[in-house]
file query.pdb (PDB, C-alpha atoms, pLDDT in the B column)
ATOM      1  CA  MET A  19       0.000   0.000   0.000  1.00 71.00           C
ATOM      2  CA  ASP A  20       1.403   3.369  -0.948  1.00 78.00           C
ATOM      3  CA  SER A  21       1.110   6.559   1.078  1.00 84.00           C
ATOM      4  CA  GLN A  22      -1.592   8.067  -1.147  1.00 86.00           C
ATOM      5  CA  THR A  23      -3.885   5.091  -0.540  1.00 83.00           C
ATOM      6  CA  ALA A  24      -3.371   5.399   3.215  1.00 84.00           C
ATOM      7  CA  ILE A  25      -4.137   9.116   3.060  1.00 91.00           C
ATOM      8  CA  ASP A  26      -7.286   8.470   1.011  1.00 89.00           C
ATOM      9  CA  LEU A  27      -8.498   5.822   3.474  1.00 89.00           C
ATOM     10  CA  GLY A  28      -7.895   8.144   6.406  1.00 91.00           C
ATOM     11  CA  ARG A  29      -9.653  11.035   4.654  1.00 95.00           C
ATOM     12  CA  GLU A  30     -12.681   8.867   3.863  1.00 93.00           C
ATOM     13  CA  ALA A  31     -12.855   7.672   7.474  1.00 94.00           C
ATOM     14  CA  LEU A  32     -12.715  11.234   8.815  1.00 96.00           C
ATOM     15  CA  MET A  33     -15.339  12.441   6.357  1.00 96.00           C
ATOM     16  CA  LEU A  34     -17.641   9.580   7.351  1.00 95.00           C
ATOM     17  CA  ALA A  35     -17.125  10.391  11.040  1.00 95.00           C
ATOM     18  CA  LEU A  36     -18.009  14.035  10.395  1.00 96.00           C
ATOM     19  CA  LEU A  37     -21.045  13.071   8.320  1.00 95.00           C
ATOM     20  CA  ILE A  38     -22.346  10.668  10.952  1.00 95.00           C
ATOM     21  CA  SER A  39     -21.803  12.990  13.898  1.00 94.00           C
ATOM     22  CA  ALA A  40     -23.174  16.134  12.238  1.00 95.00           C
ATOM     23  CA  PRO A  41     -26.921  15.614  12.887  1.00 94.00           C
ATOM     24  CA  ILE A  42     -26.438  14.838  16.580  1.00 95.00           C
ATOM     25  CA  LEU A  43     -24.020  17.725  17.090  1.00 95.00           C
ATOM     26  CA  LEU A  44     -26.307  20.165  15.267  1.00 96.00           C
ATOM     27  CA  VAL A  45     -29.249  19.143  17.443  1.00 96.00           C
ATOM     28  CA  GLY A  46     -27.114  19.584  20.565  1.00 94.00           C
ATOM     29  CA  ALA A  47     -25.938  23.009  19.421  1.00 95.00           C
ATOM     30  CA  GLY A  48     -29.471  24.129  18.567  1.00 96.00           C
ATOM     31  CA  VAL A  49     -30.918  22.987  21.877  1.00 94.00           C
ATOM     32  CA  GLY A  50     -27.968  24.563  23.695  1.00 91.00           C
ATOM     33  CA  LEU A  51     -28.628  27.874  21.951  1.00 93.00           C
ATOM     34  CA  ILE A  52     -32.327  27.799  22.795  1.00 94.00           C
ATOM     35  CA  VAL A  53     -31.681  26.854  26.433  1.00 91.00           C
ATOM     36  CA  GLY A  54     -28.999  29.544  26.652  1.00 89.00           C
ATOM     37  CA  LEU A  55     -31.447  32.158  25.380  1.00 91.00           C
ATOM     38  CA  LEU A  56     -34.096  30.999  27.839  1.00 90.00           C
ATOM     39  CA  GLN A  57     -31.578  31.116  30.674  1.00 88.00           C
ATOM     40  CA  ALA A  58     -30.568  34.648  29.692  1.00 87.00           C
ATOM     41  CA  LEU A  59     -34.201  35.750  29.563  1.00 90.00           C
ATOM     42  CA  THR A  60     -35.139  34.188  32.902  1.00 88.00           C
ATOM     43  CA  GLN A  61     -31.739  34.845  34.551  1.00 86.00           C
ATOM     44  CA  VAL A  62     -31.476  31.236  35.700  1.00 82.00           C
ATOM     45  CA  GLN A  63     -27.764  30.402  35.573  1.00 79.00           C
ATOM     46  CA  ASP A  64     -27.638  26.751  36.627  1.00 79.00           C
ATOM     47  CA  GLN A  65     -25.420  24.415  34.587  1.00 77.00           C
ATOM     48  CA  THR A  66     -27.685  21.376  34.966  1.00 79.00           C
ATOM     49  CA  VAL A  67     -30.565  23.264  33.363  1.00 80.00           C
ATOM     50  CA  ALA A  68     -28.546  23.448  30.125  1.00 82.00           C
ATOM     51  CA  PHE A  69     -27.071  19.936  30.388  1.00 88.00           C
ATOM     52  CA  VAL A  70     -30.198  17.779  30.737  1.00 89.00           C
ATOM     53  CA  PRO A  71     -32.195  19.097  27.722  1.00 91.00           C
ATOM     54  CA  LYS A  72     -29.129  18.808  25.460  1.00 92.00           C
ATOM     55  CA  ILE A  73     -28.489  15.216  26.488  1.00 94.00           C
ATOM     56  CA  VAL A  74     -32.145  14.259  26.020  1.00 94.00           C
ATOM     57  CA  ALA A  75     -32.314  15.951  22.600  1.00 95.00           C
ATOM     58  CA  MET A  76     -29.083  14.332  21.449  1.00 95.00           C
ATOM     59  CA  VAL A  77     -30.226  10.863  22.531  1.00 96.00           C
ATOM     60  CA  LEU A  78     -33.522  11.376  20.691  1.00 96.00           C
ATOM     61  CA  ALA A  79     -31.677  12.579  17.579  1.00 95.00           C
ATOM     62  CA  LEU A  80     -29.351   9.584  17.752  1.00 95.00           C
ATOM     63  CA  SER A  81     -32.246   7.157  18.079  1.00 95.00           C
ATOM     64  CA  PHE A  82     -33.991   8.841  15.142  1.00 95.00           C
ATOM     65  CA  CYS A  83     -30.849   8.800  12.944  1.00 95.00           C
ATOM     66  CA  MET A  84     -29.619   5.342  13.956  1.00 96.00           C
ATOM     67  CA  PRO A  85     -30.889   3.474  10.827  1.00 96.00           C
ATOM     68  CA  TRP A  86     -29.182   6.002   8.568  1.00 96.00           C
ATOM     69  CA  VAL A  87     -25.973   5.907  10.637  1.00 95.00           C
ATOM     70  CA  LEU A  88     -25.866   2.118  10.512  1.00 96.00           C
ATOM     71  CA  GLN A  89     -26.475   2.141   6.758  1.00 96.00           C
ATOM     72  CA  GLN A  90     -23.584   4.567   6.233  1.00 95.00           C
ATOM     73  CA  LEU A  91     -21.268   2.488   8.411  1.00 95.00           C
ATOM     74  CA  LEU A  92     -22.236  -0.741   6.648  1.00 96.00           C
ATOM     75  CA  GLU A  93     -21.664   0.758   3.197  1.00 95.00           C
ATOM     76  CA  TYR A  94     -18.270   2.100   4.243  1.00 94.00           C
ATOM     77  CA  SER A  95     -17.275  -1.210   5.830  1.00 94.00           C
ATOM     78  CA  GLN A  96     -18.374  -3.234   2.812  1.00 95.00           C
ATOM     79  CA  THR A  97     -16.437  -0.968   0.457  1.00 92.00           C
ATOM     80  CA  LEU A  98     -13.376  -1.075   2.673  1.00 90.00           C
ATOM     81  CA  ILE A  99     -13.424  -4.861   3.048  1.00 92.00           C
ATOM     82  CA  SER A 100     -14.094  -5.501  -0.640  1.00 92.00           C
ATOM     83  CA  ASN A 101     -11.122  -3.306  -1.596  1.00 87.00           C
ATOM     84  CA  ILE A 102      -8.624  -5.163   0.631  1.00 85.00           C
ATOM     85  CA  PRO A 103      -7.278  -7.363  -2.223  1.00 87.00           C
ATOM     86  CA  ARG A 104      -6.834  -4.331  -4.490  1.00 84.00           C
ATOM     87  CA  VAL A 105      -5.026  -2.357  -1.785  1.00 79.00           C
ATOM     88  CA  ILE A 106      -2.732  -5.256  -0.871  1.00 80.00           C
ATOM     89  CA  SER A 107      -1.785  -5.993  -4.470  1.00 81.00           C
ATOM     90  CA  GLY A 108      -1.137  -2.316  -5.115  1.00 72.00           C
ATOM     91  CA  GLY A 109      -3.537  -2.132  -8.051  1.00 61.00           C
TER      92      GLY A 109
END
call {"tool": "encode", "arguments": {"input": "query.pdb", "output": "C-alpha cells"}}
result
Amino acid sequence: MDSQTAIDLGREALMLALLISAPILLVGAGVGLIVGLLQALTQVQDQTVAFVPKIVAMVLALSFCMPWVLQQLLEYSQTLISNIPRVISGG
C-alpha cells in the first residue's frame, strides 16, 4: 500500500465520522442555543438546566438517525473490506 492510498483511506474515514456525527451535534448546538437564550431571559444560571435538555435531545436525535448511521457504516465497511485485495496488491 502506498502513502496516497493510506491518506485516502484516512480522509474517507474522517469524512464519514463528520457526516455521521453532524446531525447529533447540530441538534445539541441548537438545543444549547435555545436553552442559553431561555436562561438569559429568565436569569437562571444553573449548569444542569442546560445539560439535561441537550443530552435528552441528542439521545432522541441519535435514536432517530440510527438506521441512517448504521447504513452509512455498513456501506463504508463493505467498500473497505471488498477493496482489501486491491489495496494489498497495489492495483
call {"tool": "residues_around", "arguments": {"input": "query.pdb", "residues": "A:Leu34", "least_positions_apart": "4", "cutoff": "12 Å", "atoms": "only C-alpha atoms", "output": "list in words"}}
result
Leu27, Gly28, Arg29, Glu30, Ile38, Ser39, Ala40, Val87, Leu88, Gln89, Gln90, Leu91, Leu92, Glu93, Tyr94 and Ser95 of chain A
call {"tool": "write_last_selection", "arguments": {"input": "query.pdb", "atoms": "C-alpha atoms", "output": "JSON list (two decimals), in the coordinates of the input"}}
result
[["chain", "number", "residue", "atom", "x", "y", "z"],
["A", 27, "LEU", "CA", -8.50, 5.82, 3.47],
["A", 28, "GLY", "CA", -7.90, 8.14, 6.41],
["A", 29, "ARG", "CA", -9.65, 11.04, 4.65],
["A", 30, "GLU", "CA", -12.68, 8.87, 3.86],
["A", 38, "ILE", "CA", -22.35, 10.67, 10.95],
["A", 39, "SER", "CA", -21.80, 12.99, 13.90],
["A", 40, "ALA", "CA", -23.17, 16.13, 12.24],
["A", 87, "VAL", "CA", -25.97, 5.91, 10.64],
["A", 88, "LEU", "CA", -25.87, 2.12, 10.51],
["A", 89, "GLN", "CA", -26.48, 2.14, 6.76],
["A", 90, "GLN", "CA", -23.58, 4.57, 6.23],
["A", 91, "LEU", "CA", -21.27, 2.49, 8.41],
["A", 92, "LEU", "CA", -22.24, -0.74, 6.65],
["A", 93, "GLU", "CA", -21.66, 0.76, 3.20],
["A", 94, "TYR", "CA", -18.27, 2.10, 4.24],
["A", 95, "SER", "CA", -17.27, -1.21, 5.83]]
call {"tool": "atom_distance", "arguments": {"input": "query.pdb", "atom1": "atom CA of A:Val67", "atom2": "atom CA of A:Gly54"}}
result
9.3 Å
call {"tool": "atom_distance", "arguments": {"input": "query.pdb", "atom1": "atom CA of A:Ala68", "atom2": "atom CA of A:Val53"}}
result
5.9 Å
call {"tool": "atom_distance", "arguments": {"input": "query.pdb", "atom1": "atom CA of A:Ser81", "atom2": "atom CA of A:Leu36"}}
result
17.6 Å
call {"tool": "resolve_selection", "arguments": {"input": "query.pdb", "expression": "the PyMOL selection byres ((chain A and resi 41) around 12)", "output": "list in words"}}
result
Ala35, Leu36, Leu37, Ile38, Ser39, Ala40, Ile42, Leu43, Leu44, Val45, Gly46, Ala47, Gly48, Ala75, Met76, Val77, Leu78, Ala79, Leu80, Ser81, Phe82, Cys83, Met84, Trp86 and Val87 of chain A
call {"tool": "resolve_selection", "arguments": {"input": "query.pdb", "expression": "the PyMOL selection byres ((chain A and resi 104-109) around 12)", "output": "PyMOL selection string"}}
result
chain A and resi 19-24+26-27+97-103
call {"tool": "axis_aligned_box", "arguments": {"input": "query.pdb", "around": "stretch 90-103 of chain A", "padding_each_side": "8 Å", "output": "AutoDock Vina command-line options"}}
result
--center_x -15.4 --center_y -1.4 --center_z 3.1 --size_x 32.3 --size_y 27.9 --size_z 26.6
call {"tool": "residues_around", "arguments": {"input": "query.pdb", "residues": "A:Phe69", "least_positions_apart": "2", "cutoff": "10 Å", "atoms": "only C-alpha atoms", "output": "list of chain:residue names"}}
result
A:Gly46, A:Val49, A:Gly50, A:Val53, A:Asp64, A:Gln65, A:Thr66, A:Val67, A:Pro71, A:Lys72, A:Ile73, A:Val74
